[in-house]
Amino acid sequence: MYAVFQKELADHLSSKRFTILFLLVFLAAVFAIYIALQNIRSVVTPTTEFVFLKIFTTSGKSMPSFLFFLSLFIPIIGIALGFNAINGERSSGNLSRLLSQPIYRDSVINGKFLAGLAVLGIMVATVVAIVAGLGLRIVGVPPNAEEVMRLVFFALLSVIYGAFWMALAALFSVLFNRAATSMLASLALWIFFFFFMSMIAVAVANVLVPVDQNSSMELVVRNVEVQGMLGRISPCTLYGEATAALLTPELGSLNVALLVVTSVRGRLGTPLPLGESLLLVWPQVVSIIALLAICFAVSYIKFMREEIRSI
Amino acid sequence: MGQVVVQTENLTKAYGGFTAVDGLTLRIEEGEVYGFLGPNGAGKTTTLLMLLGLTEPSSGMASVCGHDSTREPLKVKRIVGYLPERVGFYEDMTARQNLRYTAELNSLPRGEAEEKIGGLLNTVGLSDVADHQVSTYSRGMKQRLGIADIWIKEPKLAFLDEPTTGIDPQGVEDILNLMVRMSRKKITIIFCSHLLHQVQKICGRVGILAKGRLVAEGSIDRLSGEAAGGGRYRIEAEVERRSRGLVDSIRKVKGVRDVESSGKSLLISCDKDLRGEISRIIVAGESQLLGMKIEEYNLEKIYKRYAKEA
């Protein structure tokens, strides 16, 4: 398996695909930092405990934050790394040659997956380090230990999230014979979850729990709760909630209803300690890992069972 | 009698209602160059895939050097080199890098691998372009790289699936020569093809597959014999005013297997070229000999005949 891993990693790192993605992410990082630094003064008050994390989450008036950029790019990177994992080998005529070598069939898929994971790790670590470094240089406030820990967990979570999209794309690459099909299928799913899921959640919630201007507070909260539950079907929402809790310690709860209540009362809670933030995002993290495991397992089984026919 | 390298027993593969390989029993010995013939879709590739353990047989048994292909695929893959029909390489890697990857997958030690790669690239005539990307290679060059690719693991058995299809004559010549060289290194070769004259050139024994069944097997000489009604040659003599007893007297000639007459023609099946003797008999019997033709039964004919039978 090590040979496959090594070759795939070298392939990724020297590919044009990687260069393009890396440039894109790098640009996004620099841009996001610029926006954050423009606006950071307005969000930081003398009582703000975690100034450094604000570099990652501050957005401008109509400009998104670094966090938003990353949540946009990570699925794309994951898909780009996985969409032709198996059908690419097949259409180039390498698959039957590869499988006739004395290696277990799962080493092919494992090696590829690990290589993709390594690339994701390198990308996320680099980009977080770039933003952190630039931020440190310009803001001049060093991060405290807890902020560093939060960033590490954030990076880990991002890699896992990227791995989910990679596993999904790899699954499609086992299912579909053409790389273009598997890429489009993964992108379509991503677009659905990223753009449409929240709209659908709102629509469904409004049907289930109709609200209007005169509705009671209780009803509004119910409506928002239903929205939240439906939204969590989407891995994008899961990742969004989890990263928000990790990078915004002031966020006392992921329960949308509670947030509505607190914001209505006009106060945000005091920052949560790291342990409690982790506890808060635990369900989200586990869900993402479960989705990842399902995608990987299905593609694994499908690939292992597949008969190689005269191709 | 050499060691048995390939053995299959009633090997059958059915896909749904379609039987790709039907009760195939094969036995191939060490050092043989075995021609596996048959039209497209006859089940040649499926048989190879089952021997490699990439496809599971529906029933029956396949083994290579005593290792069951289904149960010990890894052991089989270690000693078998497979050159698929439409072989592909990593296009953005060089020939050397591609071979290095295969060497690593076969866990060859690095130094030894490098040495072998250099030698093999030289053997297959690619050392000048060894560090060019494979995407710049012609089809023939890719096939030669494919041969190096299976040779690097020093297999006991090599499967070459249509290695010469779509390649120019010089390229075909090169590939056939390489196969002969492999065979001299005691590598048993199974050569799948439907290009019969090529098979005829290098194969000692052939098996003809049609619709998943082995319809004929044996040395080319023997098969020609069977197909030609006993003899290897078929002489067609056009005779007028045929004297009585002519057919009988031709039958008595040594080496003649059979004589058939149809109209003016006599169809004589024989072991060697007997045109001289036969023409003398015809003329001596005061018949008029108008013309004579001789045909050697080549694989093409045998193949057509058996394919038709199936």
# chains A, B, ... in the order shown; residues from 1 in each chain; ligands from 1
>>> residues_around(residues="Leu72 of chain A", least_positions_apart="4", cutoff="12 Å", atoms="only C-alpha atoms", output="list in words")
Leu24, Val25, Ala28, Pro64, Ser65, Phe66, Leu67, Phe68, Ile76, Ile77, Gly78, Ile79, Ser158, Tyr161, Gly162, Trp165, Leu187, Trp190, Ile191, Phe193, Phe194, Phe195, Cys236, Thr237, Tyr239 and Gly240 of chain A
>>> select_by_dssp(residues="segment 81-187 of chain A", states="helix (DSSP H, G or I)", output="ChimeraX atom specification")
/A:81-82,87-91,95-99,105-139,145-175,179-187
>>> write_last_selection(atoms="C-alpha atoms", output="PDB file, in the first residue's frame")
ATOM      1  CA  LEU A  81      -8.915  14.938  -5.186  1.00  0.00           C
ATOM      2  CA  GLY A  82     -11.359  12.069  -5.419  1.00  0.00           C
ATOM      3  CA  ASN A  87     -12.642   5.504 -13.058  1.00  0.00           C
ATOM      4  CA  GLY A  88      -9.578   7.484 -14.095  1.00  0.00           C
ATOM      5  CA  GLU A  89      -7.480   4.362 -13.688  1.00  0.00           C
ATOM      6  CA  ARG A  90     -10.046   2.405 -15.593  1.00  0.00           C
ATOM      7  CA  SER A  91     -10.366   4.700 -18.565  1.00  0.00           C
ATOM      8  CA  LEU A  95      -6.702  -0.515 -13.657  1.00  0.00           C
ATOM      9  CA  SER A  96      -6.374  -4.049 -14.965  1.00  0.00           C
ATOM     10  CA  ARG A  97      -2.604  -3.689 -15.079  1.00  0.00           C
ATOM     11  CA  LEU A  98      -2.556  -2.354 -11.534  1.00  0.00           C
ATOM     12  CA  LEU A  99      -4.829  -5.086 -10.213  1.00  0.00           C
ATOM     13  CA  ARG A 105      -7.122  -4.767  -4.045  1.00  0.00           C
ATOM     14  CA  ASP A 106      -7.927  -2.614  -1.043  1.00  0.00           C
ATOM     15  CA  SER A 107      -4.399  -1.208  -0.986  1.00  0.00           C
ATOM     16  CA  VAL A 108      -5.303   0.645  -4.162  1.00  0.00           C
ATOM     17  CA  ILE A 109      -8.254   2.411  -2.635  1.00  0.00           C
ATOM     18  CA  ASN A 110      -6.638   2.820   0.788  1.00  0.00           C
ATOM     19  CA  GLY A 111      -3.434   4.202  -0.679  1.00  0.00           C
ATOM     20  CA  LYS A 112      -5.346   6.658  -2.793  1.00  0.00           C
ATOM     21  CA  PHE A 113      -7.489   7.746   0.104  1.00  0.00           C
ATOM     22  CA  LEU A 114      -4.543   8.259   2.422  1.00  0.00           C
ATOM     23  CA  ALA A 115      -2.691  10.235  -0.236  1.00  0.00           C
ATOM     24  CA  GLY A 116      -5.722  12.472  -0.663  1.00  0.00           C
ATOM     25  CA  LEU A 117      -5.941  12.872   3.094  1.00  0.00           C
ATOM     26  CA  ALA A 118      -2.287  13.873   3.214  1.00  0.00           C
ATOM     27  CA  VAL A 119      -2.814  16.467   0.490  1.00  0.00           C
ATOM     28  CA  LEU A 120      -5.850  17.859   2.302  1.00  0.00           C
ATOM     29  CA  GLY A 121      -3.827  18.004   5.490  1.00  0.00           C
ATOM     30  CA  ILE A 122      -1.001  19.849   3.787  1.00  0.00           C
ATOM     31  CA  MET A 123      -3.381  22.336   2.195  1.00  0.00           C
ATOM     32  CA  VAL A 124      -5.410  23.093   5.283  1.00  0.00           C
ATOM     33  CA  ALA A 125      -2.364  23.315   7.526  1.00  0.00           C
ATOM     34  CA  THR A 126      -0.589  25.613   5.098  1.00  0.00           C
ATOM     35  CA  VAL A 127      -3.485  27.940   4.601  1.00  0.00           C
ATOM     36  CA  VAL A 128      -4.316  28.175   8.295  1.00  0.00           C
ATOM     37  CA  ALA A 129      -0.650  28.819   8.989  1.00  0.00           C
ATOM     38  CA  ILE A 130      -0.526  31.544   6.330  1.00  0.00           C
ATOM     39  CA  VAL A 131      -3.554  33.331   7.722  1.00  0.00           C
ATOM     40  CA  ALA A 132      -2.336  32.935  11.286  1.00  0.00           C
ATOM     41  CA  GLY A 133       1.131  34.161  10.355  1.00  0.00           C
ATOM     42  CA  LEU A 134      -0.059  37.186   8.429  1.00  0.00           C
ATOM     43  CA  GLY A 135      -2.563  37.964  11.125  1.00  0.00           C
ATOM     44  CA  LEU A 136       0.048  37.765  13.810  1.00  0.00           C
ATOM     45  CA  ARG A 137       2.359  40.003  11.844  1.00  0.00           C
ATOM     46  CA  ILE A 138      -0.253  42.650  11.159  1.00  0.00           C
ATOM     47  CA  VAL A 139      -2.503  42.563  14.226  1.00  0.00           C
ATOM     48  CA  ALA A 145      -2.806  28.589  24.162  1.00  0.00           C
ATOM     49  CA  GLU A 146      -6.508  28.059  23.911  1.00  0.00           C
ATOM     50  CA  GLU A 147      -6.724  29.863  20.611  1.00  0.00           C
ATOM     51  CA  VAL A 148      -3.963  27.674  19.227  1.00  0.00           C
ATOM     52  CA  MET A 149      -5.799  24.568  20.385  1.00  0.00           C
ATOM     53  CA  ARG A 150      -9.009  25.805  18.840  1.00  0.00           C
ATOM     54  CA  LEU A 151      -7.230  26.414  15.546  1.00  0.00           C
ATOM     55  CA  VAL A 152      -5.730  22.923  15.618  1.00  0.00           C
ATOM     56  CA  PHE A 153      -9.143  21.386  16.170  1.00  0.00           C
ATOM     57  CA  PHE A 154     -10.548  23.605  13.466  1.00  0.00           C
ATOM     58  CA  ALA A 155      -7.882  22.409  11.014  1.00  0.00           C
ATOM     59  CA  LEU A 156      -8.514  18.777  11.944  1.00  0.00           C
ATOM     60  CA  LEU A 157     -12.221  19.205  11.458  1.00  0.00           C
ATOM     61  CA  SER A 158     -11.630  20.840   8.085  1.00  0.00           C
ATOM     62  CA  VAL A 159      -9.486  17.907   6.964  1.00  0.00           C
ATOM     63  CA  ILE A 160     -12.193  15.464   8.047  1.00  0.00           C
ATOM     64  CA  TYR A 161     -14.798  17.512   6.222  1.00  0.00           C
ATOM     65  CA  GLY A 162     -12.657  17.556   3.082  1.00  0.00           C
ATOM     66  CA  ALA A 163     -12.137  13.821   3.456  1.00  0.00           C
ATOM     67  CA  PHE A 164     -15.895  13.345   3.458  1.00  0.00           C
ATOM     68  CA  TRP A 165     -16.222  15.101   0.104  1.00  0.00           C
ATOM     69  CA  MET A 166     -13.267  13.175  -1.216  1.00  0.00           C
ATOM     70  CA  ALA A 167     -14.829   9.881  -0.128  1.00  0.00           C
ATOM     71  CA  LEU A 168     -18.112  10.896  -1.738  1.00  0.00           C
ATOM     72  CA  ALA A 169     -16.374  11.763  -5.002  1.00  0.00           C
ATOM     73  CA  ALA A 170     -14.393   8.514  -4.819  1.00  0.00           C
ATOM     74  CA  LEU A 171     -17.637   6.624  -4.327  1.00  0.00           C
ATOM     75  CA  PHE A 172     -19.008   8.185  -7.504  1.00  0.00           C
ATOM     76  CA  SER A 173     -15.768   7.324  -9.252  1.00  0.00           C
ATOM     77  CA  VAL A 174     -16.416   3.674  -8.426  1.00  0.00           C
ATOM     78  CA  LEU A 175     -20.060   3.877  -9.429  1.00  0.00           C
ATOM     79  CA  ALA A 179     -14.736  10.889 -14.720  1.00  0.00           C
ATOM     80  CA  ALA A 180     -16.914  13.729 -16.009  1.00  0.00           C
ATOM     81  CA  THR A 181     -20.033  12.019 -14.680  1.00  0.00           C
ATOM     82  CA  SER A 182     -18.603  11.385 -11.261  1.00  0.00           C
ATOM     83  CA  MET A 183     -17.355  14.965 -10.978  1.00  0.00           C
ATOM     84  CA  LEU A 184     -20.684  16.431 -11.995  1.00  0.00           C
ATOM     85  CA  ALA A 185     -22.549  14.150  -9.629  1.00  0.00           C
ATOM     86  CA  SER A 186     -20.375  15.196  -6.681  1.00  0.00           C
ATOM     87  CA  LEU A 187     -20.611  18.868  -7.594  1.00  0.00           C
TER      88      LEU A 187
END
>>> interface_residues(of="chain B", to="chain A", cutoff="10 Å", atoms="only C-alpha atoms", output="ChimeraX atom specification")
/B:41,43-50,52-56,73-93,97,101-107,146,149-150,153
>>> write_last_selection(atoms="C-alpha atoms", output="PDB file, in the first residue's frame")
ATOM      1  CA  GLY B  41     -15.968 -12.355 -27.501  1.00  0.00           C
ATOM      2  CA  GLY B  43     -13.986 -15.886 -23.931  1.00  0.00           C
ATOM      3  CA  LYS B  44     -10.216 -15.568 -24.215  1.00  0.00           C
ATOM      4  CA  THR B  45      -9.860 -12.543 -21.956  1.00  0.00           C
ATOM      5  CA  THR B  46     -12.372 -13.892 -19.461  1.00  0.00           C
ATOM      6  CA  THR B  47     -10.289 -17.054 -19.194  1.00  0.00           C
ATOM      7  CA  LEU B  48      -7.156 -15.004 -18.534  1.00  0.00           C
ATOM      8  CA  LEU B  49      -8.944 -12.921 -15.916  1.00  0.00           C
ATOM      9  CA  MET B  50     -10.094 -16.057 -14.146  1.00  0.00           C
ATOM     10  CA  LEU B  52      -5.361 -14.225 -12.677  1.00  0.00           C
ATOM     11  CA  GLY B  53      -7.997 -14.325  -9.978  1.00  0.00           C
ATOM     12  CA  LEU B  54      -9.499 -11.023 -11.080  1.00  0.00           C
ATOM     13  CA  THR B  55     -12.770 -12.666 -12.005  1.00  0.00           C
ATOM     14  CA  GLU B  56     -14.321 -15.502 -10.082  1.00  0.00           C
ATOM     15  CA  PRO B  73      -4.700 -14.687  -6.143  1.00  0.00           C
ATOM     16  CA  LEU B  74      -1.738 -12.874  -4.639  1.00  0.00           C
ATOM     17  CA  LYS B  75       0.593 -15.835  -5.104  1.00  0.00           C
ATOM     18  CA  VAL B  76      -0.634 -16.167  -8.661  1.00  0.00           C
ATOM     19  CA  LYS B  77      -0.196 -12.479  -9.411  1.00  0.00           C
ATOM     20  CA  ARG B  78       3.359 -12.645  -8.154  1.00  0.00           C
ATOM     21  CA  ILE B  79       4.313 -15.126 -10.873  1.00  0.00           C
ATOM     22  CA  VAL B  80       2.064 -13.989 -13.693  1.00  0.00           C
ATOM     23  CA  GLY B  81       2.559 -10.981 -15.904  1.00  0.00           C
ATOM     24  CA  TYR B  82      -0.542  -9.702 -17.626  1.00  0.00           C
ATOM     25  CA  LEU B  83      -0.502  -7.380 -20.588  1.00  0.00           C
ATOM     26  CA  PRO B  84      -4.123  -6.357 -21.106  1.00  0.00           C
ATOM     27  CA  GLU B  85      -5.554  -5.733 -24.522  1.00  0.00           C
ATOM     28  CA  ARG B  86      -5.801  -1.980 -24.258  1.00  0.00           C
ATOM     29  CA  VAL B  87      -2.905  -1.473 -21.922  1.00  0.00           C
ATOM     30  CA  GLY B  88      -2.486   1.964 -20.395  1.00  0.00           C
ATOM     31  CA  PHE B  89       0.287   3.661 -18.527  1.00  0.00           C
ATOM     32  CA  TYR B  90       0.386   6.789 -16.460  1.00  0.00           C
ATOM     33  CA  GLU B  91       0.676   9.235 -19.317  1.00  0.00           C
ATOM     34  CA  ASP B  92       2.297  12.028 -17.400  1.00  0.00           C
ATOM     35  CA  MET B  93       5.012   9.772 -16.090  1.00  0.00           C
ATOM     36  CA  GLN B  97       8.838   5.989 -13.683  1.00  0.00           C
ATOM     37  CA  TYR B 101       6.074   1.911  -9.912  1.00  0.00           C
ATOM     38  CA  THR B 102       5.454  -1.640 -11.105  1.00  0.00           C
ATOM     39  CA  ALA B 103       8.722  -2.691  -9.483  1.00  0.00           C
ATOM     40  CA  GLU B 104       7.636  -1.109  -6.210  1.00  0.00           C
ATOM     41  CA  LEU B 105       4.241  -2.805  -6.348  1.00  0.00           C
ATOM     42  CA  ASN B 106       6.136  -6.063  -6.742  1.00  0.00           C
ATOM     43  CA  SER B 107       8.377  -5.063  -3.829  1.00  0.00           C
ATOM     44  CA  GLY B 146       3.986  -3.259 -21.647  1.00  0.00           C
ATOM     45  CA  ASP B 149       6.312  -4.029 -17.556  1.00  0.00           C
ATOM     46  CA  ILE B 150       5.464  -7.702 -17.251  1.00  0.00           C
ATOM     47  CA  LYS B 153       8.656  -9.086 -12.234  1.00  0.00           C
TER      48      LYS B 153
END
>>> residues_around(residues="segment 279-288 of chain B", least_positions_apart="2", cutoff="9 Å", atoms="only C-alpha atoms", output="list in words")
Ala237, Glu238, Val239, Glu240, Arg241, Arg242, Ser243, Arg244, Gly245, Leu246, Ser249, Ile250, Leu274, Arg275, Gly276, Glu277, Leu290 and Met292 of chain B
>>> atom_distance(atom1="atom CA of Ser287 of chain A", atom2="atom CA of Val221 of chain A")
24.0 Å
>>> residues_around(residues="Pro39 of chain B", least_positions_apart="2", cutoff="9 Å", atoms="only C-alpha atoms", output="PyMOL selection string")
chain B and resi 37+41-44+193-194+209-211+307
>>> select_by_dssp(residues="segment 125-179 of chain B", states="strand (DSSP E or B)", output="list in words")
Gln133, Leu157, Ala158, Phe159, Leu160 and Asp161 of chain B
>>> residues_around(residues="Val256 of chain B", least_positions_apart="4", cutoff="12 Å", atoms="only C-alpha atoms", output="ChimeraX atom specification")
/B:228-235,247-252,260,267-275,277-278
>>> write_last_selection(atoms="C-alpha atoms", output="CSV table (one decimal), in the first residue's frame")
chain,number,residue,atom,x,y,z
B,228,ALA,CA,-7.6,-31.3,-44.1
B,229,GLY,CA,-9.1,-34.7,-43.7
B,230,GLY,CA,-5.9,-36.2,-42.5
B,231,GLY,CA,-3.2,-34.6,-44.7
B,232,ARG,CA,-1.5,-31.3,-44.3
B,233,TYR,CA,-1.7,-30.4,-48.0
B,234,ARG,CA,-4.6,-30.4,-50.3
B,235,ILE,CA,-4.0,-30.9,-54.0
B,247,VAL,CA,-8.7,-42.6,-58.2
B,248,ASP,CA,-7.7,-45.9,-56.8
B,249,SER,CA,-4.2,-45.7,-58.1
B,250,ILE,CA,-3.7,-42.3,-56.7
B,251,ARG,CA,-5.0,-43.6,-53.4
B,252,LYS,CA,-2.2,-46.1,-53.4
B,260,GLU,CA,-12.4,-37.1,-53.5
B,267,LEU,CA,-9.3,-33.3,-54.3
B,268,ILE,CA,-6.4,-35.1,-52.9
B,269,SER,CA,-5.4,-34.8,-49.2
B,270,CYS,CA,-1.8,-35.7,-48.5
B,271,ASP,CA,1.0,-35.4,-46.0
B,272,LYS,CA,3.5,-33.8,-48.3
B,273,ASP,CA,3.8,-32.2,-51.7
B,274,LEU,CA,3.1,-35.1,-54.0
B,275,ARG,CA,2.3,-33.1,-57.2
B,277,GLU,CA,4.1,-38.3,-58.5
B,278,ILE,CA,0.4,-37.6,-58.9
>>> atom_distance(atom1="atom CA of Leu108 of chain B", atom2="atom CA of Val180 of chain B")
24.9 Å
>>> residues_around(residues="segment 14-28 of chain B", least_positions_apart="4", cutoff="6 Å", atoms="only C-alpha atoms", output="list in words")
Val4, Val5, Val6, Gln7, Thr8, Glu9, Asn10, Gly43, Gly212 and Arg213 of chain B
